[in-house]
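Undergrad: Supplied structure: data-v8.txt, compact mmCIF, C-alpha atoms.
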```txt
# COMPACT_ATOMS: atom_id res chain seq x y z
CA MET A 706 6.43 15.19 -0.44
CA SER A 707 7.13 18.43 1.38
CA ALA A 708 8.08 18.06 5.04
CA GLU A 709 6.37 20.15 7.69
CA VAL A 710 8.29 20.92 10.87
CA ILE A 711 6.50 19.16 13.73
CA LEU A 712 7.80 19.04 17.29
CA PRO A 713 6.59 15.89 19.11
CA ALA A 714 6.34 15.64 22.88
CA LEU A 715 8.70 12.65 23.02
CA PRO A 716 12.36 13.11 22.09
CA LEU A 717 13.97 11.38 19.14
CA ALA A 718 16.58 8.73 19.90
CA LEU A 719 19.81 9.66 18.07
CA THR A 720 22.50 6.98 18.00
CA GLN A 721 26.20 7.81 18.19
CA GLY A 722 27.20 5.86 15.07
CA ASP A 723 30.91 5.18 14.77
CA PRO A 724 32.53 7.57 17.29
CA ALA A 725 35.59 7.97 15.02
CA GLY A 726 33.38 9.23 12.19
CA ILE A 727 31.51 12.47 11.68
CA GLY A 728 28.43 11.50 13.72
CA PRO A 729 29.52 13.22 16.96
CA GLU A 730 30.34 16.55 15.28
CA LEU A 731 27.15 16.42 13.19
CA THR A 732 25.21 15.95 16.42
CA LEU A 733 26.92 18.95 18.02
CA ARG A 734 26.38 21.14 14.98
CA ALA A 735 22.73 20.10 14.70
CA TRP A 736 22.11 21.06 18.34
CA LEU A 737 23.87 24.41 17.84
CA GLY A 738 21.53 25.12 14.92
CA ARG A 739 18.42 23.78 16.65
CA GLY A 740 16.58 27.11 16.65
CA GLU A 741 17.51 28.27 13.19
CA ARG A 742 16.64 24.87 11.72
CA THR A 743 13.58 24.36 13.99
CA LEU A 744 14.68 20.90 15.05
CA PRO A 745 12.67 18.55 17.25
CA ALA A 746 14.16 17.55 20.59
CA PHE A 747 16.58 14.65 20.42
CA ALA A 748 18.74 12.78 22.89
CA TYR A 749 22.17 11.48 21.91
CA ILE A 750 22.88 7.91 22.99
CA GLY A 751 26.61 7.68 23.41
CA ASP A 752 29.71 8.60 25.35
CA ALA A 753 29.27 12.05 26.91
CA ASP A 754 33.00 12.48 27.63
CA HIS A 755 33.91 11.71 24.02
CA LEU A 756 31.29 14.19 22.80
CA ALA A 757 32.59 16.85 25.20
CA ARG A 758 36.14 16.34 23.93
CA MET A 759 34.92 16.73 20.34
CA ALA A 760 33.15 19.98 21.22
CA GLY A 761 36.33 21.25 22.88
CA ARG A 762 38.47 20.20 19.93
CA LEU A 763 36.27 22.18 17.56
CA GLY A 764 35.83 25.15 19.90
CA TRP A 765 32.05 24.79 20.04
CA ASN A 766 30.17 25.78 23.19
CA VAL A 767 27.74 22.89 23.61
CA PRO A 768 26.61 22.17 27.18
CA LEU A 769 25.91 18.46 27.68
CA ARG A 770 23.64 16.95 30.29
CA ARG A 771 23.36 13.29 31.15
CA CYS A 772 19.71 12.45 31.69
CA ASP A 773 16.98 9.86 31.32
CA TRP A 774 14.33 9.85 28.59
CA GLY A 775 11.69 11.65 30.62
CA GLU A 776 13.96 14.67 31.09
CA ALA A 777 15.33 15.01 27.55
CA THR A 778 12.69 17.20 25.92
CA GLY A 779 12.77 19.74 28.76
CA ILE A 780 16.57 19.86 28.74
CA PHE A 781 16.95 20.21 24.96
CA PRO A 782 16.50 23.99 24.62
CA GLU A 783 19.39 24.69 27.00
CA ALA A 784 21.68 21.65 26.74
CA LEU A 785 22.23 18.58 24.58
CA PRO A 786 20.64 15.61 26.37
CA VAL A 787 22.86 12.50 26.54
CA ILE A 788 21.75 8.98 27.38
CA ALA A 789 25.14 7.83 28.54
CA ILE A 790 27.07 4.87 27.15
CA GLU A 791 30.68 4.97 28.31
CA ASP A 792 32.32 2.96 25.53
CA ALA A 793 34.03 5.47 23.23
CA ALA A 794 36.68 6.90 25.51
CA GLY A 795 39.58 5.91 23.26
CA ALA A 796 38.00 6.92 19.96
CA GLU A 797 40.02 9.30 17.81
CA PRO A 798 38.47 11.12 14.84
CA GLY A 799 39.37 9.45 11.57
CA ARG A 800 40.86 6.36 13.26
CA PRO A 801 38.23 3.60 13.31
CA ASP A 802 38.78 1.15 16.14
CA PRO A 803 36.96 -2.20 16.63
CA SER A 804 37.17 -1.70 20.39
CA THR A 805 34.41 0.91 20.10
CA ALA A 806 32.03 -1.46 18.29
CA ALA A 807 30.28 -2.59 21.48
CA GLY A 808 29.26 0.98 22.24
CA THR A 809 28.07 1.56 18.68
CA ILE A 810 25.85 -1.52 18.86
CA ALA A 811 24.66 -0.73 22.39
CA SER A 812 23.59 2.73 21.20
CA ILE A 813 21.41 1.16 18.48
CA ASP A 814 19.95 -1.31 20.99
CA ARG A 815 19.10 1.47 23.45
CA ALA A 816 17.49 3.61 20.74
CA VAL A 817 15.23 0.80 19.51
CA GLY A 818 14.36 -0.17 23.07
CA ALA A 819 13.40 3.39 23.97
CA VAL A 820 11.05 3.69 20.99
CA ARG A 821 9.43 0.31 21.53
CA GLN A 822 8.92 1.14 25.23
CA GLY A 823 7.23 4.45 24.37
CA LYS A 824 10.04 6.62 25.75
CA ALA A 825 11.17 8.07 22.40
CA ALA A 826 9.30 8.94 19.20
CA ALA A 827 11.64 7.50 16.57
CA VAL A 828 15.14 6.18 15.91
CA VAL A 829 17.58 8.39 14.01
CA THR A 830 20.92 6.72 13.32
CA ASN A 831 24.29 8.33 12.80
CA PRO A 832 26.53 6.52 10.27
CA ILE A 833 28.35 3.32 11.16
CA ALA A 834 31.24 1.52 9.45
CA LYS A 835 30.27 -2.10 8.82
CA SER A 836 33.89 -3.14 8.33
CA VAL A 837 34.74 -1.97 11.86
CA LEU A 838 31.82 -3.90 13.33
CA TYR A 839 32.76 -7.02 11.34
CA GLN A 840 36.24 -6.94 12.89
CA ALA A 841 34.56 -7.02 16.30
CA GLY A 842 32.43 -10.06 15.40
CA PHE A 843 29.23 -8.37 14.18
CA ARG A 844 27.27 -11.02 12.27
CA HIS A 845 24.62 -8.99 10.47
CA PRO A 846 25.04 -7.75 6.86
CA GLY A 847 24.44 -4.13 7.85
CA HIS A 848 22.64 -1.50 9.88
CA THR A 849 19.19 -2.12 8.39
CA GLU A 850 19.37 -5.89 8.77
CA TYR A 851 20.33 -5.47 12.42
CA LEU A 852 17.33 -3.20 12.99
CA ALA A 853 15.10 -5.86 11.39
CA HIS A 854 16.64 -8.41 13.78
CA LEU A 855 15.78 -6.18 16.75
CA ALA A 856 12.24 -5.82 15.41
CA ALA A 857 11.61 -9.57 15.14
CA GLU A 858 8.35 -10.88 16.59
CA GLY A 859 8.11 -14.58 17.38
CA GLY A 860 11.40 -15.16 15.60
CA VAL A 861 10.08 -13.62 12.36
CA GLU A 862 11.92 -10.57 11.08
CA PRO A 863 10.05 -7.92 9.08
CA ARG A 864 11.23 -7.17 5.54
CA PRO A 865 12.79 -3.70 5.54
CA VAL A 866 12.62 -1.47 2.47
CA MET A 867 15.08 1.36 1.88
CA MET A 868 13.64 4.66 0.72
CA LEU A 869 15.77 7.71 -0.04
CA TRP A 870 13.68 10.80 0.62
CA SER A 871 13.98 14.51 -0.05
CA GLU A 872 11.41 17.25 -0.43
CA GLU A 873 11.90 17.10 -4.21
CA LEU A 874 12.07 13.34 -4.77
CA ALA A 875 11.60 10.00 -3.00
CA VAL A 876 13.02 6.79 -4.48
CA VAL A 877 13.05 3.09 -3.57
CA PRO A 878 15.54 0.66 -5.13
CA VAL A 879 13.88 -2.76 -5.44
CA THR A 880 17.27 -4.48 -5.45
CA ILE A 881 19.90 -2.66 -3.45
CA HIS A 882 23.57 -3.49 -2.94
CA GLU A 883 23.94 -6.04 -5.70
CA PRO A 884 26.35 -6.27 -8.65
CA LEU A 885 24.62 -5.10 -11.80
CA ARG A 886 25.10 -8.47 -13.51
CA ARG A 887 23.04 -10.16 -10.75
CA VAL A 888 20.06 -7.80 -10.87
CA PRO A 889 18.12 -9.60 -13.66
CA GLU A 890 18.29 -12.93 -11.82
CA LEU A 891 17.26 -11.37 -8.50
CA LEU A 892 14.41 -9.29 -9.88
CA THR A 893 11.04 -11.06 -9.64
CA THR A 894 7.43 -10.03 -9.97
CA GLU A 895 6.88 -11.09 -6.35
CA LEU A 896 9.74 -8.89 -5.11
CA ILE A 897 8.38 -5.83 -6.90
CA VAL A 898 4.85 -6.48 -5.62
CA GLU A 899 6.01 -6.98 -2.02
CA THR A 900 8.11 -3.82 -2.16
CA GLY A 901 5.24 -1.83 -3.66
CA ARG A 902 2.83 -3.00 -0.98
CA ILE A 903 5.16 -1.97 1.84
CA VAL A 904 5.84 1.41 0.26
CA ALA A 905 2.15 2.16 -0.35
CA ARG A 906 1.20 1.13 3.20
CA GLU A 907 3.93 3.20 4.83
CA LEU A 908 3.19 6.30 2.74
CA LYS A 909 -0.39 6.09 3.99
CA GLU A 910 0.39 5.34 7.63
CA ARG A 911 3.53 7.40 8.22
CA PHE A 912 3.42 10.15 5.62
CA GLY A 913 -0.30 10.81 5.69
CA ILE A 914 -0.74 10.32 1.92
CA ALA A 915 -4.23 8.93 1.44
CA ALA A 916 -3.69 7.50 -2.05
CA PRO A 917 0.05 7.12 -2.75
CA ARG A 918 1.12 7.27 -6.39
CA LEU A 919 3.92 4.83 -7.30
CA ALA A 920 5.88 5.33 -10.51
CA ILE A 921 7.74 2.14 -11.41
CA SER A 922 10.71 2.13 -13.74
CA GLY A 923 11.64 -0.48 -16.28
CA LEU A 924 14.84 -2.46 -15.97
CA ASN A 925 16.16 -1.94 -19.48
CA PRO A 926 16.68 1.21 -21.55
CA HIS A 927 13.37 2.58 -22.83
CA ALA A 928 11.62 0.09 -20.49
CA GLY A 929 12.62 -2.68 -22.89
CA GLU A 930 11.27 -1.11 -26.09
CA ASN A 931 8.45 -3.71 -26.27
CA GLY A 932 10.94 -6.54 -25.83
CA ALA A 933 13.52 -5.30 -28.32
CA MET A 934 15.96 -4.41 -25.49
CA GLY A 935 15.13 -7.22 -23.10
CA GLU A 936 12.09 -9.17 -22.01
CA GLU A 937 12.21 -8.44 -18.27
CA ASP A 938 10.01 -5.35 -18.44
CA GLN A 939 7.16 -7.22 -20.11
CA ALA A 940 7.67 -10.54 -18.31
CA ILE A 941 8.48 -9.34 -14.76
CA VAL A 942 7.82 -5.63 -14.19
CA ALA A 943 4.51 -5.15 -16.04
CA PRO A 944 2.81 -8.11 -14.27
CA ALA A 945 3.90 -6.68 -10.91
CA ILE A 946 2.31 -3.35 -11.74
CA ALA A 947 -0.89 -5.11 -12.79
CA ALA A 948 -0.94 -7.07 -9.52
CA LEU A 949 -0.49 -3.88 -7.46
CA GLN A 950 -3.26 -2.17 -9.40
CA ALA A 951 -5.53 -5.17 -8.75
CA GLU A 952 -4.97 -4.57 -5.02
CA GLY A 953 -6.11 -0.96 -5.36
CA ILE A 954 -2.62 0.57 -5.34
CA ASP A 955 -2.00 3.44 -7.76
CA ALA A 956 1.05 1.93 -9.49
CA ARG A 957 2.07 3.07 -12.96
CA GLY A 958 4.69 2.05 -15.50
CA PRO A 959 7.01 0.56 -16.44
CA TYR A 960 8.54 3.89 -17.37
CA PRO A 961 11.88 4.53 -19.06
CA ALA A 962 14.17 5.55 -16.20
CA ASP A 963 15.81 8.32 -18.21
CA THR A 964 12.57 10.34 -18.36
CA MET A 965 11.22 9.75 -14.84
CA PHE A 966 13.12 12.29 -12.81
CA HIS A 967 12.76 15.74 -14.36
CA ALA A 968 10.56 18.21 -12.47
CA ARG A 969 7.43 17.77 -14.60
CA ALA A 970 7.57 13.97 -14.28
CA ARG A 971 8.16 14.12 -10.51
CA ALA A 972 4.96 16.12 -10.07
CA GLY A 973 2.98 13.07 -11.17
CA TYR A 974 3.99 10.65 -8.40
CA ASP A 975 4.87 10.42 -4.70
CA VAL A 976 7.66 7.85 -4.94
CA ALA A 977 9.63 6.19 -7.72
CA LEU A 978 10.45 2.48 -7.53
CA ALA A 979 13.61 1.69 -9.46
CA MET A 980 14.94 -1.74 -10.30
CA TYR A 981 18.51 -1.34 -9.03
CA HIS A 982 20.70 0.81 -6.83
CA ASP A 983 22.17 3.40 -9.18
CA GLN A 984 18.94 3.80 -11.14
CA ALA A 985 17.40 5.15 -7.91
CA LEU A 986 20.29 6.83 -6.14
CA ILE A 987 21.88 8.79 -8.98
CA PRO A 988 18.83 11.04 -9.46
CA ILE A 989 18.22 11.75 -5.78
CA LYS A 990 21.88 12.41 -5.06
CA THR A 991 21.96 14.75 -8.03
CA ILE A 992 18.84 16.61 -6.92
CA ALA A 993 19.35 16.57 -3.13
CA PHE A 994 22.91 15.50 -2.36
CA ASP A 995 23.16 17.26 1.01
CA GLU A 996 19.53 16.98 2.13
CA GLY A 997 18.66 13.36 1.31
CA VAL A 998 17.40 11.08 4.08
CA ASN A 999 17.59 7.29 4.29
CA VAL A 1000 14.25 5.98 5.61
CA THR A 1001 13.71 2.34 6.52
CA LEU A 1002 10.15 1.28 5.72
CA GLY A 1003 8.57 -1.95 6.93
CA LEU A 1004 9.75 -1.83 10.56
CA PRO A 1005 7.38 -1.55 13.55
CA PHE A 1006 9.14 1.69 14.50
CA ILE A 1007 10.34 4.77 12.62
CA ARG A 1008 13.97 4.89 11.53
CA THR A 1009 15.67 7.62 9.54
CA SER A 1010 19.33 8.30 8.88
CA PRO A 1011 21.55 10.75 7.03
CA ASP A 1012 22.18 9.63 3.46
CA HIS A 1013 25.96 9.46 3.81
CA GLY A 1014 28.68 7.50 5.55
CA THR A 1015 31.18 8.01 8.36
CA ALA A 1016 33.53 10.24 6.30
CA PHE A 1017 36.59 9.26 8.34
CA ASP A 1018 38.75 11.43 6.09
CA ILE A 1019 37.22 14.67 7.40
CA ALA A 1020 36.15 13.54 10.89
CA GLY A 1021 37.08 15.93 13.68
CA LYS A 1022 37.87 18.82 11.34
CA GLY A 1023 34.55 20.64 11.59
CA LEU A 1024 33.98 20.33 7.83
CA ALA A 1025 31.01 17.95 7.78
CA ARG A 1026 27.67 19.51 6.91
CA PRO A 1027 24.71 18.59 9.15
CA ASP A 1028 22.04 19.14 6.48
CA SER A 1029 21.20 15.47 5.98
CA LEU A 1030 21.12 14.72 9.72
CA CYS A 1031 18.87 17.72 10.33
CA ALA A 1032 16.57 16.58 7.52
CA ALA A 1033 16.51 13.07 9.05
CA LEU A 1034 15.52 14.50 12.44
CA ARG A 1035 12.75 16.65 10.98
CA LEU A 1036 11.41 13.80 8.84
CA ALA A 1037 11.40 11.39 11.81
CA ALA A 1038 9.35 13.89 13.79
CA ARG A 1039 6.91 14.32 10.90
CA MET A 1040 6.50 10.55 10.51
CA ALA A 1041 5.95 10.13 14.25
CA ALA A 1042 3.23 12.77 14.21
CA ALA A 1043 1.47 11.11 11.26
CA SER A 1044 1.57 7.61 12.76
```
Please re-express this file's structure in structure tokens.
TA:
Amino acid sequence: MSAEVILPALPLALTQGDPAGIGPELTLRAWLGRGERTLPAFAYIGDADHLARMAGRLGWNVPLRRCDWGEATGIFPEALPVIAIEDAAGAEPGRPDPSTAAGTIASIDRAVGAVRQGKAAAVVTNPIAKSVLYQAGFRHPGHTEYLAHLAAEGGVEPRPVMMLWSEELAVVPVTIHEPLRRVPELLTTELIVETGRIVARELKERFGIAAPRLAISGLNPHAGENGAMGEEDQAIVAPAIAALQAEGIDARGPYPADTMFHARARAGYDVALAMYHDQALIPIKTIAFDEGVNVTLGLPFIRTSPDHGTAFDIAGKGLARPDSLCAALRLAARMAAAS
């Protein structure tokens, strides 16, 4: 799924993430490379003074301008637009501090609000540290679950689906952050079908793929070897594929995971659905470690994110590469244009 560079009229809403992590310097570096990388306009939602100190620390000439959403796109060519939240004043690179959690959460809230009010085209999130938020009383399992909470309608939260995307490969883990021993008990035909439906719908609506092709892996080696290596592929995965096909979705499999990800195989599908975390993430991080994008499907707004964490160990040193953030910004713009 090759990404075209599309520049929407509305700016993208870029959250600050954890201000002690690499998000602020990635933001600065992305803006500095805006022309070379042909980036869409974005506005940073965070502490302008903290961002200015980071630019000074690294010796980067990045003019900042506090503004509102209507001004951001016009400002972007000459200065980095900032929707100001003054809650990161004490943040030090590499030293996570629960006192900054309120600003991190407020930045997410403002980004979602701007998109839902038609002021911004999409949400792009810098990395957060869940452990830091937990210390401050955050009650949601993670970033994605909080976004689903913000997207609730009538008290009903949508079911988000995580897709890792690159120009060479897109993957969806059906079960995500679960111990391997729990995967067989969590994996159900209904879960695979629901995931496949969401993926097919979003590829049509937000990626402009008229007839998405879903390649679905087996759970066991060799997709179970006709039951010799486990019954789950015949009893759980195959019925899910049949159900998706009955709904008119081009779903194929179950395929042995060890032969799904070479270049010739990838040419035959638009996205691979894998049964557990590492089965999906090892191939994409091998193929596109620096350029991968985390996309949340199933929300009523577009959300992308770099496919990495806060990297506290290198924060503030100017070592972090902005490739994944830049890819997330470009993909968000493409999705917004297709929607």
Undergrad: Find the nearest atom pair between each residue of region 805-844 of chain A and region 1018-1030 of chain A for residues within 9 Å, count all atoms listed in the file, give distances in Å to one decimal, sort rows by chain and ascending number, and present the table as CSV.
TA:
```
residue,atom,partner,partner_atom,distance
A:Val829,CA,A:Leu1030,CA,8.4
A:Thr830,CA,A:Leu1030,CA,8.8
A:Asn831,CA,A:Leu1030,CA,7.8
```
Undergrad: Interatomic distance between CA of Lys835 (chain A) and CA of Ile727 (chain A)?
TA: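 Those two atoms sit 14.9 Å apart.
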Undergrad: Name all residues at most 7 Å from Val787 (chain A) (count all atoms listed in the file; drop same-chain ones fewer than 2 positions away) and give them as a list in words.
TA: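 After dropping sequence-adjacent residues, the list is Ala748, Tyr749, Ile750, Gly751, Ala753, Leu769, Arg770, Arg771, Cys772, Leu785 and Ala789 of chain A.
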Undergrad: Would you export the selected residues with C-alpha atoms as a tab-separated table (two decimals), keeping the file's coordinate frame, please?
TA:
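Full text of again.tsv as output:
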```
chain	number	residue	atom	x	y	z
A	748	ALA	CA	18.74	12.78	22.89
A	749	TYR	CA	22.17	11.48	21.91
A	750	ILE	CA	22.88	7.91	22.99
A	751	GLY	CA	26.61	7.68	23.41
A	753	ALA	CA	29.27	12.05	26.91
A	769	LEU	CA	25.91	18.46	27.68
A	770	ARG	CA	23.64	16.95	30.29
A	771	ARG	CA	23.36	13.29	31.15
A	772	CYS	CA	19.71	12.45	31.69
A	785	LEU	CA	22.23	18.58	24.58
A	789	ALA	CA	25.14	7.83	28.54
```
Undergrad: Neighbours of Pro878 (chain A) within 6 Å (only C-alpha atoms; same-chain residues fewer than 6 positions away dropped), as a PyMOL selection string?
TA: chain A and resi 978-982+985
Undergrad: I'd like to know which of A:Asp955, A:Tyr960, A:Ala947, A:Gly913 is closest to His927 (chain A), using only C-alpha atoms.
TA: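 Among the listed residues, A:Tyr960 lies closest to His927 (chain A).
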Undergrad: What does the distance between CA of Pro801 (chain A) and CA of Thr849 (chain A) come to in Å, to one decimal place?
TA: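 That distance, rounded to one decimal, is 20.5 Å.
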Undergrad: Which one is closest to Leu838 (chain A): A:Pro729, A:Pro889, A:Pro917, A:Pro803? Count only C-alpha atoms.
TA: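 Of all the options, A:Pro803 lies closest to Leu838 (chain A).
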Undergrad: Applying 6 Å and only C-alpha atoms, which residues near Asp1012 (chain A) remain after dropping the ones on its own chain fewer than 3 positions away? List them as a list in words.
TA: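 Everything that qualifies: Gly997, Val998 and Asn999 of chain A.
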Undergrad: Report, in Å with one decimal, the straight-line distance from CA of Phe966 (chain A) to CA of Glu883 (chain A).
TA: 22.4 Å
Undergrad: Contacts of Ala1037 (chain A) at 8 Å or less, counting all atoms listed in the file, minus same-chain residues fewer than 2 places along, as a JSON list (two decimals) with C-alpha atoms, keeping the file's coordinate frame?
TA:
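Output below, filename result.json:
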```json
[["chain", "number", "residue", "atom", "x", "y", "z"],
["A", 717, "LEU", "CA", 13.97, 11.38, 19.14],
["A", 827, "ALA", "CA", 11.64, 7.50, 16.57],
["A", 828, "VAL", "CA", 15.14, 6.18, 15.91],
["A", 829, "VAL", "CA", 17.58, 8.39, 14.01],
["A", 1007, "ILE", "CA", 10.34, 4.77, 12.62],
["A", 1008, "ARG", "CA", 13.97, 4.89, 11.53],
["A", 1009, "THR", "CA", 15.67, 7.62, 9.54],
["A", 1033, "ALA", "CA", 16.51, 13.07, 9.05],
["A", 1034, "LEU", "CA", 15.52, 14.50, 12.44],
["A", 1035, "ARG", "CA", 12.75, 16.65, 10.98],
["A", 1039, "ARG", "CA", 6.91, 14.32, 10.90],
["A", 1040, "MET", "CA", 6.50, 10.55, 10.51],
["A", 1041, "ALA", "CA", 5.95, 10.13, 14.25]]
```
Undergrad: Given all atoms listed in the file as the basis, pick out the residue of A:Glu783, A:Glu907, A:Asp754, A:Glu741 nearest to Thr1001 (chain A).
TA: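 Selected residue with least distance to Thr1001 (chain A): A:Glu907.
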Undergrad: For Ala807 (chain A), please output as number ranges by chain all residues within 10 Å (counting all atoms listed in the file; exclusion window: fewer than 3 positions along the same chain).
TA: A: 790, 792-793, 803-804, 810-812, 838, 841-843
Undergrad: Considering only C-alpha atoms, state which residue in the set A:Gly923, A:Gly728, A:Pro865, A:Gly779 is at the smallest distance from Phe1017 (chain A).
TA: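 Using only C-alpha atoms, the shortest distance to Phe1017 (chain A) belongs to A:Gly728.
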Undergrad: Between A:Val1000, A:Val876, A:Leu737, A:Leu756, which residue has the minimum interatomic distance to Gly795 (chain A), considering only C-alpha atoms?
TA: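 Using only C-alpha atoms, the shortest distance to Gly795 (chain A) belongs to A:Leu756.
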Undergrad: Which centre and edge lengths in Å to one decimal define the box along x, y and z that fits every listed atom of region 1019-1031 of chain A plus 3 Å per side, as JSON?
TA:
```
{"center_x": 28.4, "center_y": 17.1, "center_z": 9.8, "size_x": 25.0, "size_y": 13.1, "size_z": 13.7}
```
Undergrad: Using all atoms listed in the file, which residue out of A:Asp723, A:Glu797, A:Glu937, A:Glu850 lies closest to Thr894 (chain A)?
TA: A:Glu937
Undergrad: Could you please fill out region 1000-1007 of chain A with all heavy atoms and send it back as a compact mmCIF listing (two decimals), keeping the file's coordinate frame?
TA:
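Everything below was put into part_3.txt:
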```txt
# COMPACT_ATOMS: atom_id res chain seq x y z
N VAL A 1000 15.38 6.39 4.77
CA VAL A 1000 14.25 5.98 5.61
C VAL A 1000 14.07 4.47 5.46
O VAL A 1000 14.03 3.96 4.34
CB VAL A 1000 12.95 6.67 5.17
CG1 VAL A 1000 11.82 6.35 6.14
CG2 VAL A 1000 13.14 8.18 5.05
N THR A 1001 13.97 3.77 6.57
CA THR A 1001 13.71 2.34 6.52
C THR A 1001 12.22 2.10 6.71
O THR A 1001 11.67 2.35 7.78
CB THR A 1001 14.50 1.58 7.59
OG1 THR A 1001 15.89 1.89 7.45
CG2 THR A 1001 14.32 0.08 7.43
N LEU A 1002 11.56 1.63 5.65
CA LEU A 1002 10.15 1.28 5.72
C LEU A 1002 10.00 -0.19 6.11
O LEU A 1002 10.92 -0.98 5.94
CB LEU A 1002 9.49 1.52 4.36
CG LEU A 1002 9.67 2.91 3.73
CD1 LEU A 1002 8.99 2.97 2.37
CD2 LEU A 1002 9.15 4.00 4.64
N GLY A 1003 8.85 -0.55 6.63
CA GLY A 1003 8.57 -1.95 6.93
C GLY A 1003 8.89 -2.38 8.34
O GLY A 1003 8.63 -3.53 8.70
N LEU A 1004 9.47 -1.50 9.17
CA LEU A 1004 9.75 -1.83 10.56
C LEU A 1004 8.59 -1.40 11.45
O LEU A 1004 7.83 -0.50 11.08
CB LEU A 1004 11.03 -1.11 11.02
CG LEU A 1004 12.33 -1.44 10.27
CD1 LEU A 1004 13.47 -0.56 10.80
CD2 LEU A 1004 12.69 -2.91 10.41
N PRO A 1005 8.46 -1.97 12.65
CA PRO A 1005 7.38 -1.55 13.55
C PRO A 1005 7.70 -0.26 14.29
O PRO A 1005 6.98 0.12 15.22
CB PRO A 1005 7.25 -2.73 14.51
CG PRO A 1005 8.61 -3.34 14.53
CD PRO A 1005 9.16 -3.16 13.15
N PHE A 1006 8.78 0.40 13.94
CA PHE A 1006 9.14 1.69 14.50
C PHE A 1006 9.73 2.54 13.38
O PHE A 1006 10.07 2.04 12.31
CB PHE A 1006 10.13 1.55 15.66
CG PHE A 1006 11.33 0.70 15.35
CD1 PHE A 1006 12.45 1.23 14.72
CD2 PHE A 1006 11.35 -0.65 15.68
CE1 PHE A 1006 13.56 0.44 14.42
CE2 PHE A 1006 12.45 -1.45 15.39
CZ PHE A 1006 13.56 -0.90 14.76
N ILE A 1007 9.83 3.83 13.62
CA ILE A 1007 10.34 4.77 12.62
C ILE A 1007 11.85 4.83 12.73
O ILE A 1007 12.41 4.99 13.83
CB ILE A 1007 9.73 6.16 12.83
CG1 ILE A 1007 8.22 6.12 12.58
CG2 ILE A 1007 10.40 7.20 11.93
CD1 ILE A 1007 7.48 7.29 13.17
```
